[in-house]
file structure_30.cif (mmCIF, C-alpha atoms)
data_final
loop_
_atom_site.label_atom_id
_atom_site.label_comp_id
_atom_site.auth_asym_id
_atom_site.auth_seq_id
_atom_site.Cartn_x
_atom_site.Cartn_y
_atom_site.Cartn_z
CA MET O 1 0.00 0.00 0.00
CA ASN O 2 2.85 2.37 0.80
CA LYS O 3 4.38 1.76 -2.61
CA ILE O 4 1.07 2.51 -4.32
CA LEU O 5 0.88 5.81 -2.44
CA LEU O 6 4.47 6.65 -3.38
CA VAL O 7 3.73 6.07 -7.08
CA ALA O 8 0.48 8.04 -6.75
CA ARG O 9 2.33 10.91 -5.07
CA ARG O 10 4.91 10.96 -7.84
CA GLU O 11 2.22 10.98 -10.56
CA PHE O 12 0.27 13.70 -8.73
CA LEU O 13 3.21 16.04 -8.12
CA SER O 14 4.76 15.52 -11.55
CA ARG O 15 1.56 16.80 -13.16
CA VAL O 16 0.49 19.45 -10.66
CA GLN O 17 3.91 21.16 -10.75
CA LYS O 18 3.81 21.60 -14.53
CA LYS O 19 2.96 24.98 -16.01
CA THR O 20 0.42 23.34 -18.30
CA PHE O 21 -1.58 22.23 -15.25
CA LEU O 22 -1.80 25.79 -13.96
CA LEU O 23 -2.69 27.11 -17.39
CA THR O 24 -5.46 24.59 -17.98
CA THR O 25 -6.77 24.65 -14.41
CA ILE O 26 -6.91 28.42 -14.00
CA GLY O 27 -6.81 29.57 -17.60
CA LEU O 28 -9.82 27.58 -18.83
CA PRO O 29 -12.31 29.02 -16.27
CA LEU O 30 -10.92 32.49 -16.93
CA ILE O 31 -11.45 32.06 -20.68
CA ILE O 32 -15.00 30.86 -20.05
CA PHE O 33 -15.59 33.83 -17.73
CA ILE O 34 -14.20 36.32 -20.27
CA PHE O 35 -16.42 34.96 -23.03
CA TYR O 36 -19.41 34.99 -20.70
CA ALA O 37 -18.71 38.56 -19.61
CA ALA O 38 -18.26 39.63 -23.26
CA ILE O 39 -21.63 38.13 -24.15
CA ILE O 40 -23.29 40.03 -21.29
CA TYR O 41 -21.47 43.23 -22.21
CA PHE O 42 -22.51 43.23 -25.88
CA GLN O 43 -25.99 42.04 -25.06
CA VAL O 44 -26.61 44.81 -22.53
CA LYS O 45 -24.80 47.53 -24.47
CA SER O 46 -26.76 46.82 -27.63
CA THR O 47 -30.10 48.58 -27.94
CA GLY O 48 -31.85 45.24 -28.25
CA ASN O 49 -34.90 46.89 -29.88
CA TYR O 50 -35.91 46.19 -33.46
CA ARG O 51 -37.80 49.32 -34.51
CA VAL O 52 -40.65 48.83 -36.96
CA ALA O 53 -42.63 51.70 -38.48
CA VAL O 54 -46.24 50.77 -39.28
CA ALA O 55 -48.26 52.65 -41.88
CA ASP O 56 -51.78 51.37 -41.15
CA ASN O 57 -53.72 52.82 -44.08
CA ALA O 58 -56.63 50.42 -43.48
CA HIS O 59 -56.88 51.25 -39.73
CA ILE O 60 -56.84 47.57 -38.87
CA PHE O 61 -54.74 47.76 -35.73
CA ASN O 62 -56.16 51.07 -34.46
CA GLY O 63 -52.68 52.34 -33.65
CA LYS O 64 -51.79 49.51 -31.27
CA ILE O 65 -50.05 46.15 -31.36
CA ASP O 66 -49.70 44.63 -27.89
CA ALA O 67 -46.09 44.37 -26.72
CA LYS O 68 -45.24 40.83 -25.62
CA ASN O 69 -41.56 41.65 -25.17
CA ASP O 70 -39.16 44.55 -25.49
CA GLU O 71 -37.28 43.30 -28.54
CA ILE O 72 -39.74 44.36 -31.25
CA VAL O 73 -41.09 47.91 -31.07
CA PHE O 74 -43.95 48.92 -33.39
CA GLN O 75 -44.51 52.64 -33.94
CA PHE O 76 -47.52 53.78 -35.96
CA ILE O 77 -46.90 56.72 -38.28
CA THR O 78 -48.68 58.36 -41.18
CA ALA O 79 -46.45 58.24 -44.25
CA ASP O 80 -46.40 56.90 -47.77
CA THR O 81 -43.98 54.32 -49.10
CA ALA O 82 -41.47 56.92 -50.34
CA GLN O 83 -41.33 58.63 -46.96
CA LEU O 84 -40.95 55.29 -45.20
CA GLN O 85 -38.08 54.39 -47.51
CA LYS O 86 -36.28 57.63 -46.68
CA LYS O 87 -36.70 57.02 -42.94
CA LEU O 88 -35.38 53.51 -43.45
CA GLU O 89 -32.31 54.78 -45.31
CA ALA O 90 -31.75 57.38 -42.56
CA ASN O 91 -31.69 54.53 -39.98
CA GLU O 92 -34.66 55.95 -38.11
CA TYR O 93 -36.21 52.48 -38.24
CA ASP O 94 -34.95 48.96 -38.83
CA GLY O 95 -37.92 48.11 -40.99
CA TYR O 96 -41.40 49.24 -41.95
CA LEU O 97 -44.75 47.55 -42.47
CA VAL O 98 -47.36 48.88 -44.92
CA VAL O 99 -51.02 47.96 -44.50
CA PRO O 100 -52.83 48.85 -47.78
CA ALA O 101 -56.13 50.68 -47.58
CA SER O 102 -57.78 47.75 -49.36
CA PHE O 103 -56.53 45.23 -46.79
CA SER O 104 -59.21 43.32 -44.88
CA ILE O 105 -58.93 40.64 -42.22
CA GLY O 106 -59.51 37.27 -43.80
CA GLY O 107 -58.86 38.59 -47.31
CA LYS O 108 -56.23 37.42 -49.77
CA ASP O 109 -54.10 40.56 -49.65
CA SER O 110 -50.69 40.30 -47.93
CA LEU O 111 -48.79 42.89 -45.95
CA MET O 112 -45.49 44.31 -47.18
CA PHE O 113 -42.55 44.41 -44.78
CA ARG O 114 -39.22 45.89 -45.78
CA SER O 115 -36.05 46.04 -43.70
CA ALA O 116 -32.83 48.01 -44.01
CA LYS O 117 -30.69 44.92 -43.55
CA ALA O 118 -31.13 41.18 -43.63
CA THR O 119 -33.63 40.06 -40.99
CA GLY O 120 -32.74 37.03 -38.89
CA LEU O 121 -34.99 33.98 -38.66
CA MET O 122 -35.85 34.54 -34.98
CA THR O 123 -36.71 38.20 -35.59
CA ARG O 124 -38.94 37.25 -38.52
CA GLU O 125 -40.79 34.71 -36.42
CA LYS O 126 -41.32 37.24 -33.63
CA ILE O 127 -42.66 39.88 -36.04
CA GLU O 128 -44.99 37.38 -37.72
CA ASP O 129 -46.18 36.08 -34.37
CA ARG O 130 -46.99 39.58 -33.10
CA ILE O 131 -48.83 40.54 -36.28
CA ASN O 132 -50.76 37.25 -36.52
CA LYS O 133 -51.89 37.45 -32.90
CA ALA O 134 -53.04 41.05 -33.36
CA LEU O 135 -55.01 40.13 -36.50
CA GLU O 136 -56.47 37.07 -34.78
CA GLU O 137 -57.64 39.24 -31.90
CA LYS O 138 -59.26 41.75 -34.27
CA LYS O 139 -60.91 38.91 -36.15
CA LEU O 140 -62.38 37.42 -32.98
CA LEU O 141 -63.59 40.80 -31.82
CA GLY O 142 -65.25 41.21 -35.22
CA LEU O 143 -67.17 37.98 -34.55
CA ASN O 144 -68.75 39.58 -31.47
CA VAL O 145 -66.36 37.85 -29.07
CA SER O 146 -66.11 40.08 -26.01
CA LYS O 147 -62.81 41.30 -24.60
CA ALA O 148 -63.37 39.26 -21.43
CA GLN O 149 -63.96 36.11 -23.48
CA LEU O 150 -60.87 36.83 -25.56
CA ASP O 151 -58.74 37.31 -22.44
CA SER O 152 -60.02 34.04 -21.03
CA LEU O 153 -59.04 32.25 -24.26
CA GLN O 154 -55.56 33.76 -24.12
CA ASP O 155 -55.12 33.04 -20.41
CA GLN O 156 -52.54 30.25 -20.37
CA LYS O 157 -53.17 28.40 -17.15
CA GLU O 158 -51.89 24.95 -16.35
CA LEU O 159 -54.88 22.77 -17.10
CA ILE O 160 -53.10 19.59 -15.98
CA LYS O 161 -51.04 19.27 -12.82
CA PHE O 162 -48.58 16.41 -12.82
CA SER O 163 -47.68 14.57 -9.64
CA SER O 164 -45.94 11.37 -8.61
CA ALA O 165 -47.58 8.31 -7.05
CA SER O 166 -46.77 9.73 -3.62
CA GLY O 167 -48.82 12.83 -4.43
CA LYS O 168 -45.82 15.17 -4.82
CA ASP O 169 -46.43 17.88 -7.42
CA GLU O 170 -44.00 18.11 -10.34
CA ASN O 171 -44.06 21.50 -12.05
CA ASN O 172 -42.58 22.19 -15.47
CA ALA O 173 -39.74 24.28 -14.03
CA LYS O 174 -38.53 21.39 -11.88
CA VAL O 175 -38.69 18.97 -14.81
CA GLY O 176 -36.76 21.39 -17.03
CA ILE O 177 -34.09 21.96 -14.39
CA SER O 178 -33.78 18.20 -13.82
CA TYR O 179 -33.39 17.70 -17.57
CA ALA O 180 -30.60 20.30 -17.75
CA VAL O 181 -28.80 19.03 -14.63
CA GLY O 182 -28.95 15.43 -15.87
CA MET O 183 -27.61 16.32 -19.31
CA ILE O 184 -24.79 18.50 -17.95
CA SER O 185 -23.75 15.97 -15.27
CA GLY O 186 -23.72 13.04 -17.69
CA PHE O 187 -21.82 15.03 -20.31
CA LEU O 188 -19.20 16.13 -17.76
CA ILE O 189 -18.54 12.54 -16.71
CA TYR O 190 -18.35 11.58 -20.39
CA ILE O 191 -15.65 14.20 -20.97
CA ILE O 192 -13.81 13.25 -17.76
CA LEU O 193 -13.63 9.58 -18.71
CA PHE O 194 -12.07 10.43 -22.05
CA ILE O 195 -9.63 13.09 -20.85
CA TYR O 196 -8.22 11.40 -17.77
CA GLY O 197 -8.51 7.87 -19.15
CA THR O 198 -6.34 8.76 -22.13
CA MET O 199 -4.02 10.61 -19.74
CA VAL O 200 -3.43 7.35 -17.86
CA MET O 201 -2.87 5.49 -21.12
CA ARG O 202 -0.33 8.04 -22.39
CA GLY O 203 1.51 8.03 -19.06
CA VAL O 204 1.91 4.26 -19.22
CA MET O 205 2.95 4.40 -22.87
CA GLU O 206 5.60 7.06 -22.19
CA GLU O 207 7.17 5.06 -19.37
CA LYS O 208 7.14 1.88 -21.42
CA VAL O 209 8.68 3.48 -24.53
CA SER O 210 11.36 5.31 -22.50
CA ARG O 211 12.12 2.06 -20.59
CA ILE O 212 11.56 3.84 -17.25
CA ALA O 213 9.04 1.18 -16.31
CA GLU O 214 11.78 -1.45 -16.33
CA VAL O 215 13.58 0.44 -13.58
CA ILE O 216 10.44 1.15 -11.56
CA ILE O 217 9.15 -2.44 -11.48
CA SER O 218 12.44 -3.56 -10.00
CA SER O 219 11.22 -1.90 -6.80
CA VAL O 220 7.40 -2.23 -7.05
CA LYS O 221 5.08 -4.84 -8.46
CA PRO O 222 3.38 -4.08 -11.81
CA PHE O 223 -0.05 -4.02 -10.14
CA GLN O 224 1.17 -1.51 -7.56
CA LEU O 225 2.62 0.65 -10.33
CA MET O 226 -0.64 0.59 -12.27
CA MET O 227 -2.78 1.41 -9.22
CA GLY O 228 -0.42 4.19 -8.20
CA LYS O 229 -0.65 5.80 -11.62
CA ILE O 230 -4.44 5.52 -11.66
CA THR O 231 -4.77 6.95 -8.13
CA GLY O 232 -2.33 9.81 -8.72
CA ILE O 233 -3.83 10.92 -12.02
CA GLY O 234 -7.33 10.52 -10.58
CA ALA O 235 -6.40 12.85 -7.72
CA VAL O 236 -5.14 15.38 -10.26
CA GLY O 237 -8.42 15.15 -12.13
CA LEU O 238 -10.53 15.53 -9.00
CA ILE O 239 -8.56 18.54 -7.77
CA GLN O 240 -8.65 20.15 -11.19
CA PHE O 241 -12.37 19.57 -11.54
CA LEU O 242 -13.14 21.02 -8.10
CA ILE O 243 -11.05 24.11 -8.90
CA TRP O 244 -12.95 24.53 -12.15
CA ILE O 245 -16.29 24.41 -10.33
CA VAL O 246 -15.18 26.93 -7.69
CA LEU O 247 -13.71 29.34 -10.26
CA VAL O 248 -16.53 29.08 -12.80
CA PHE O 249 -19.25 29.73 -10.23
CA GLY O 250 -17.18 32.07 -8.06
CA LEU O 251 -16.27 34.36 -10.95
CA GLN O 252 -19.97 34.96 -11.63
CA PHE O 253 -20.14 37.11 -8.48
CA LEU O 254 -17.56 39.45 -9.99
CA LEU O 255 -19.86 40.49 -12.83
CA PRO O 256 -21.76 43.13 -10.78
CA LEU O 257 -18.40 44.56 -9.67
CA ILE O 258 -16.94 44.64 -13.18
CA PHE O 259 -20.12 45.97 -14.83
CA PRO O 260 -21.89 47.98 -12.09
CA ASN O 261 -23.69 50.16 -14.61
CA LEU O 262 -24.41 47.52 -17.19
CA MET O 263 -25.92 44.99 -14.80
CA GLY O 264 -28.51 47.52 -13.75
CA HIS O 265 -28.90 48.98 -17.20
CA ALA O 266 -32.47 48.91 -18.44
CA GLN O 267 -32.97 48.70 -22.17
CA HIS O 268 -35.25 51.18 -23.87
CA VAL O 269 -38.82 49.96 -23.80
CA PRO O 270 -41.94 51.52 -25.29
CA ILE O 271 -44.28 53.37 -22.97
CA GLN O 272 -47.06 51.05 -21.84
CA PRO O 273 -50.27 51.57 -19.94
CA ALA O 274 -50.11 51.01 -16.20
CA GLY O 275 -52.37 47.95 -16.44
CA MET O 276 -50.11 46.31 -19.02
CA GLN O 277 -47.01 47.05 -16.92
CA ALA O 278 -48.69 45.50 -13.89
CA ALA O 279 -49.65 42.43 -15.93
CA HIS O 280 -46.08 42.02 -17.14
CA ALA O 281 -44.77 42.43 -13.59
CA VAL O 282 -47.14 39.74 -12.34
CA GLN O 283 -46.17 37.46 -15.23
CA ASN O 284 -42.44 37.93 -14.62
CA SER O 285 -42.82 37.40 -10.89
CA GLY O 286 -44.78 34.23 -11.61
CA VAL O 287 -42.00 32.90 -13.81
CA MET O 288 -39.35 33.65 -11.18
CA GLU O 289 -41.51 32.08 -8.50
CA LYS O 290 -41.88 28.89 -10.55
CA LEU O 291 -38.15 28.85 -11.24
CA SER O 292 -37.29 29.27 -7.57
CA LEU O 293 -39.77 26.56 -6.66
CA GLY O 294 -38.26 24.23 -9.26
CA LEU O 295 -34.73 24.85 -7.94
CA SER O 296 -35.85 24.17 -4.38
CA GLU O 297 -37.36 20.82 -5.40
CA VAL O 298 -34.13 19.54 -6.99
CA ASN O 299 -32.02 17.59 -4.47
CA PHE O 300 -28.63 19.13 -5.23
CA PRO O 301 -26.79 17.56 -2.23
CA LEU O 302 -27.81 14.09 -3.44
CA ILE O 303 -26.85 14.94 -7.01
CA THR O 304 -23.45 16.28 -5.90
CA GLY O 305 -22.70 13.22 -3.79
CA CYS O 306 -23.73 10.84 -6.56
CA PHE O 307 -21.72 12.83 -9.08
CA ILE O 308 -18.53 12.44 -7.04
CA PHE O 309 -19.18 8.72 -6.52
CA TYR O 310 -19.89 8.00 -10.20
CA PHE O 311 -17.06 10.26 -11.28
CA LEU O 312 -14.59 8.26 -9.16
CA GLY O 313 -16.19 4.89 -9.92
CA GLY O 314 -16.31 5.50 -13.67
CA TYR O 315 -12.79 6.89 -13.70
CA PHE O 316 -11.25 3.94 -11.83
CA LEU O 317 -13.18 1.43 -13.93
CA TYR O 318 -12.17 2.87 -17.30
CA SER O 319 -8.71 4.12 -16.35
CA SER O 320 -7.66 0.55 -15.50
CA LEU O 321 -8.71 -0.51 -18.99
CA PHE O 322 -6.89 2.47 -20.52
CA ALA O 323 -3.80 1.52 -18.51
CA ALA O 324 -3.99 -2.04 -19.84
CA VAL O 325 -4.10 -0.73 -23.41
CA GLY O 326 -1.18 1.62 -22.72
CA SER O 327 0.92 -1.24 -21.36
CA ALA O 328 0.25 -3.42 -24.40
CA VAL O 329 1.13 -0.98 -27.21
CA ASN O 330 4.59 0.01 -28.35
CA GLU O 331 5.82 3.11 -30.16
CA ASP O 332 3.07 3.14 -32.81
CA PRO O 333 0.08 5.26 -31.60
CA GLN O 334 -2.16 3.60 -34.20
CA ASP O 335 -1.99 0.37 -32.21
CA ALA O 336 -3.53 2.20 -29.27
CA GLN O 337 -6.33 3.61 -31.44
CA SER O 338 -7.32 0.16 -32.67
CA LEU O 339 -7.35 -1.24 -29.13
CA LEU O 340 -9.34 1.70 -27.73
CA PHE O 341 -12.42 1.03 -29.87
CA PRO O 342 -13.95 -1.67 -27.59
CA ILE O 343 -13.39 0.60 -24.58
CA MET O 344 -14.88 3.69 -26.21
CA MET O 345 -18.02 1.96 -27.48
CA PRO O 346 -19.68 1.55 -24.02
CA ILE O 347 -18.98 5.23 -23.27
CA ILE O 348 -20.57 6.34 -26.54
CA PHE O 349 -23.45 3.91 -26.01
CA ALA O 350 -23.97 5.43 -22.54
CA MET O 351 -24.30 8.90 -24.07
CA VAL O 352 -26.99 7.62 -26.43
CA ILE O 353 -28.91 6.03 -23.53
CA MET O 354 -28.53 9.25 -21.50
CA THR O 355 -30.45 11.26 -24.12
CA LYS O 356 -33.30 8.79 -23.60
CA ALA O 357 -32.99 8.69 -19.82
CA VAL O 358 -33.32 12.47 -19.30
CA ASN O 359 -36.72 12.36 -21.03
CA ASP O 360 -37.94 9.00 -19.71
CA PRO O 361 -35.90 8.07 -16.62
CA ASN O 362 -37.92 4.93 -15.88
CA SER O 363 -37.81 3.34 -19.33
CA PRO O 364 -36.33 -0.18 -19.50
CA LEU O 365 -33.35 1.07 -21.53
CA ALA O 366 -32.62 3.82 -19.00
CA VAL O 367 -32.89 1.38 -16.07
CA PHE O 368 -30.52 -1.07 -17.75
CA GLY O 369 -28.02 1.66 -18.65
CA SER O 370 -28.01 3.04 -15.11
CA ILE O 371 -27.31 -0.38 -13.57
CA PHE O 372 -24.82 -1.84 -16.05
CA PRO O 373 -21.36 -0.83 -14.71
CA LEU O 374 -19.88 0.25 -18.05
CA THR O 375 -22.69 2.75 -18.70
CA SER O 376 -24.00 3.59 -15.20
CA PRO O 377 -21.61 6.53 -14.46
CA ILE O 378 -23.19 8.54 -17.27
CA VAL O 379 -26.78 7.23 -17.43
CA MET O 380 -27.43 7.23 -13.67
CA MET O 381 -26.71 10.97 -13.45
CA ALA O 382 -29.49 11.59 -15.99
CA ARG O 383 -31.93 9.60 -13.82
CA ILE O 384 -30.80 10.82 -10.39
CA ALA O 385 -31.48 14.42 -11.45
CA HIS O 386 -35.21 13.62 -11.48
CA GLY O 387 -35.05 12.64 -7.82
CA VAL O 388 -35.37 9.58 -5.62
CA PRO O 389 -37.64 7.62 -5.81
CA GLU O 390 -39.35 9.46 -8.71
CA GLY O 391 -36.49 9.17 -11.19
CA VAL O 392 -34.70 6.16 -9.72
CA THR O 393 -35.67 3.88 -6.84
CA TYR O 394 -33.47 3.38 -3.80
CA PHE O 395 -32.96 -0.27 -4.70
CA GLN O 396 -31.81 0.57 -8.24
CA LEU O 397 -29.45 3.25 -6.94
CA ALA O 398 -27.91 0.92 -4.36
CA LEU O 399 -27.65 -1.93 -6.90
CA SER O 400 -25.99 0.39 -9.42
CA MET O 401 -23.41 1.53 -6.87
CA VAL O 402 -22.62 -2.02 -5.77
CA LEU O 403 -22.25 -3.26 -9.35
CA LEU O 404 -20.05 -0.29 -10.21
CA VAL O 405 -17.70 -1.12 -7.33
CA LEU O 406 -17.66 -4.80 -8.35
CA GLY O 407 -17.08 -3.77 -11.96
CA PHE O 408 -14.15 -1.61 -10.90
CA LEU O 409 -12.62 -4.52 -8.95
CA ALA O 410 -13.11 -6.87 -11.90
CA THR O 411 -11.61 -4.51 -14.49
CA THR O 412 -8.74 -3.67 -12.15
CA TRP O 413 -7.95 -7.37 -11.70
CA LEU O 414 -8.19 -7.97 -15.45
CA ALA O 415 -6.11 -4.89 -16.30
CA GLY O 416 -3.52 -5.82 -13.68
CA LYS O 417 -3.00 -9.24 -15.27
CA ILE O 418 -2.57 -7.63 -18.69
CA TYR O 419 -0.39 -4.84 -17.33
CA ARG O 420 2.19 -7.12 -15.69
CA VAL O 421 2.91 -8.83 -19.04
CA GLY O 422 2.36 -5.94 -21.44
CA ILE O 423 4.60 -3.45 -19.61
CA LEU O 424 7.66 -5.59 -20.46
CA MET O 425 6.50 -6.82 -23.88
CA TYR O 426 8.32 -5.21 -26.83
CA GLY O 427 8.46 -5.75 -30.55
CA LYS O 428 5.11 -7.50 -30.91
CA LYS O 429 1.95 -5.90 -32.23
CA PRO O 430 -0.75 -6.46 -29.59
CA SER O 431 -4.33 -7.59 -30.13
CA TRP O 432 -7.28 -8.13 -27.80
CA LYS O 433 -6.96 -11.89 -28.33
CA GLU O 434 -3.35 -11.78 -27.19
CA MET O 435 -4.23 -9.54 -24.24
CA PHE O 436 -6.89 -11.98 -23.03
CA LYS O 437 -4.28 -14.72 -23.10
CA TRP O 438 -2.11 -12.55 -20.83
CA ALA O 439 -5.06 -11.94 -18.51
CA PHE O 440 -5.97 -15.59 -17.97
CA ARG O 441 -2.59 -17.23 -18.10
CA LYS O 442 -1.39 -18.92 -14.94
CA ASN O 443 1.35 -17.36 -12.86
#
call {"tool": "encode", "arguments": {"input": "structure_30.cif", "output": "structure tokens"}}
result
Amino acid sequence: MNKILLVARREFLSRVQKKTFLLTTIGLPLIIFIFYAAIIYFQVKSTGNYRVAVADNAHIFNGKIDAKNDEIVFQFITADTAQLQKKLEANEYDGYLVVPASFSIGGKDSLMFRSAKATGLMTREKIEDRINKALEEKKLLGLNVSKAQLDSLQDQKELIKFSSASGKDENNAKVGISYAVGMISGFLIYIILFIYGTMVMRGVMEEKVSRIAEVIISSVKPFQLMMGKITGIGAVGLIQFLIWIVLVFGLQFLLPLIFPNLMGHAQHVPIQPAGMQAAHAVQNSGVMEKLSLGLSEVNFPLITGCFIFYFLGGYFLYSSLFAAVGSAVNEDPQDAQSLLFPIMMPIIFAMVIMTKAVNDPNSPLAVFGSIFPLTSPIVMMARIAHGVPEGVTYFQLALSMVLLVLGFLATTWLAGKIYRVGILMYGKKPSWKEMFKWAFRKN
């Protein structure tokens, strides 16, 4: 055990003391923060309003199109097409809409919209949605539908309330947050398995090619050397990942200090009646209330604990296999690529199952993927985000953890048998058939 810790300490310090470790550990969150701050800066500094002049010659809209957001601003003016074109060329407006005098709701005539520059797809959809809803409202009012009846039709209340068998309500905000947390957690473990697994493989390959391993195994057993490398590099990965989390989330609190004016900057919005402003305030407060309620219903301590467990379990399981491949190959990197395919397939397969599990956490495929040790580190995080026992039962969670530990012990034993032969094997192109012979040969 002491020799394993000595090898692990050497692997840990040799990587932590490199400049590349500091650059990647501190530089990557800083780059993410700079890009994030730049996005906020340009988003807040930009006007954000798409100004549209409306020449309503048919008096269809009666000088008003309800504002659903602050991005599209409609201003009704009296002008002909030539005057509108001049205003457009003078950048007074971003576009103009002409309603012909002959236009009627339900007729075959179309409205003409012209913009100074190319209009994006999202902006087009927002303009069409605003116009269509305004015309639909006028059409319903023309059919003697009262304003109260129209408001009741447009009132978007939750007609169906979802709940679990235990009677616990599940709002849409909580489901959306669980979906995002499950996807992000599973994807992070997917990236970690690839990055640090290949790091173990390259470390073993470098020592084998440089013949350093021959000197090291004169003092320690091959299994101790392999476990030391896995433990040391795993500690590097865990420390690096924790620093990333602290920096990425901690730097967010610096935004109000860096942009004190911009964070409180209010974009220009059209003047609205007091009733409409109150309705928008109630709507926004309702959205924030639902979001806060959804965040409070997500069990983040459980998710964090499970993430650390499956991160470590998945890393140790796959890194032992990566180490076995690294010990078997020689100078040619293409040999490693051919041997990595069977190891990479379960990881890729787990990502495919995860996309199913975040939407249907209790499907048979999701249950299998969260229990099978080679896919459980990724798939289980997609299920655990939906809660226990709603997304995954206690029995399935315990069974998955036990099988993951047993899977780690089995792959470590198998990789150790391959490692002890492959680390001293030179001049022979390896294959999985040959490696299995090494694994099951008698001492």
call {"tool": "residues_around", "arguments": {"input": "structure_30.cif", "residues": "region 196-211 of chain O", "least_positions_apart": "4", "cutoff": "8 Å", "atoms": "all atoms listed in the file", "output": "list in words"}}
result
Ile192, Val215, Lys229, Ile230, Ile233, Gly234, Gly237, Tyr315, Tyr318, Ser319, Phe322, Ala323, Ala324, Val325, Gly326, Ser327, Val329, Asn330, Glu331, Ile423 and Leu424 of chain O
call {"tool": "residues_around", "arguments": {"input": "structure_30.cif", "residues": "Thr411 (chain O)", "least_positions_apart": "5", "cutoff": "9 Å", "atoms": "all atoms listed in the file", "output": "PyMOL selection string"}}
result
chain O and resi 316-318+320-321+406+416
call {"tool": "closest_residue", "arguments": {"input": "structure_30.cif", "among": "O:Gln83, O:Lys138, O:Ala90, O:Asn2", "to": "Ile65 (chain O)", "atoms": "only C-alpha atoms"}}
result
O:Lys138
call {"tool": "residues_around", "arguments": {"input": "structure_30.cif", "residues": "region 216-225 of chain O", "least_positions_apart": "3", "cutoff": "6 Å", "atoms": "all atoms listed in the file", "output": "list in words"}}
result
Ile4, Ala213, Gly228, Gly416 and Arg420 of chain O
call {"tool": "atom_distance", "arguments": {"input": "structure_30.cif", "atom1": "CA of Met345 (chain O)", "atom2": "CA of Phe12 (chain O)"}}
result
28.7 Å
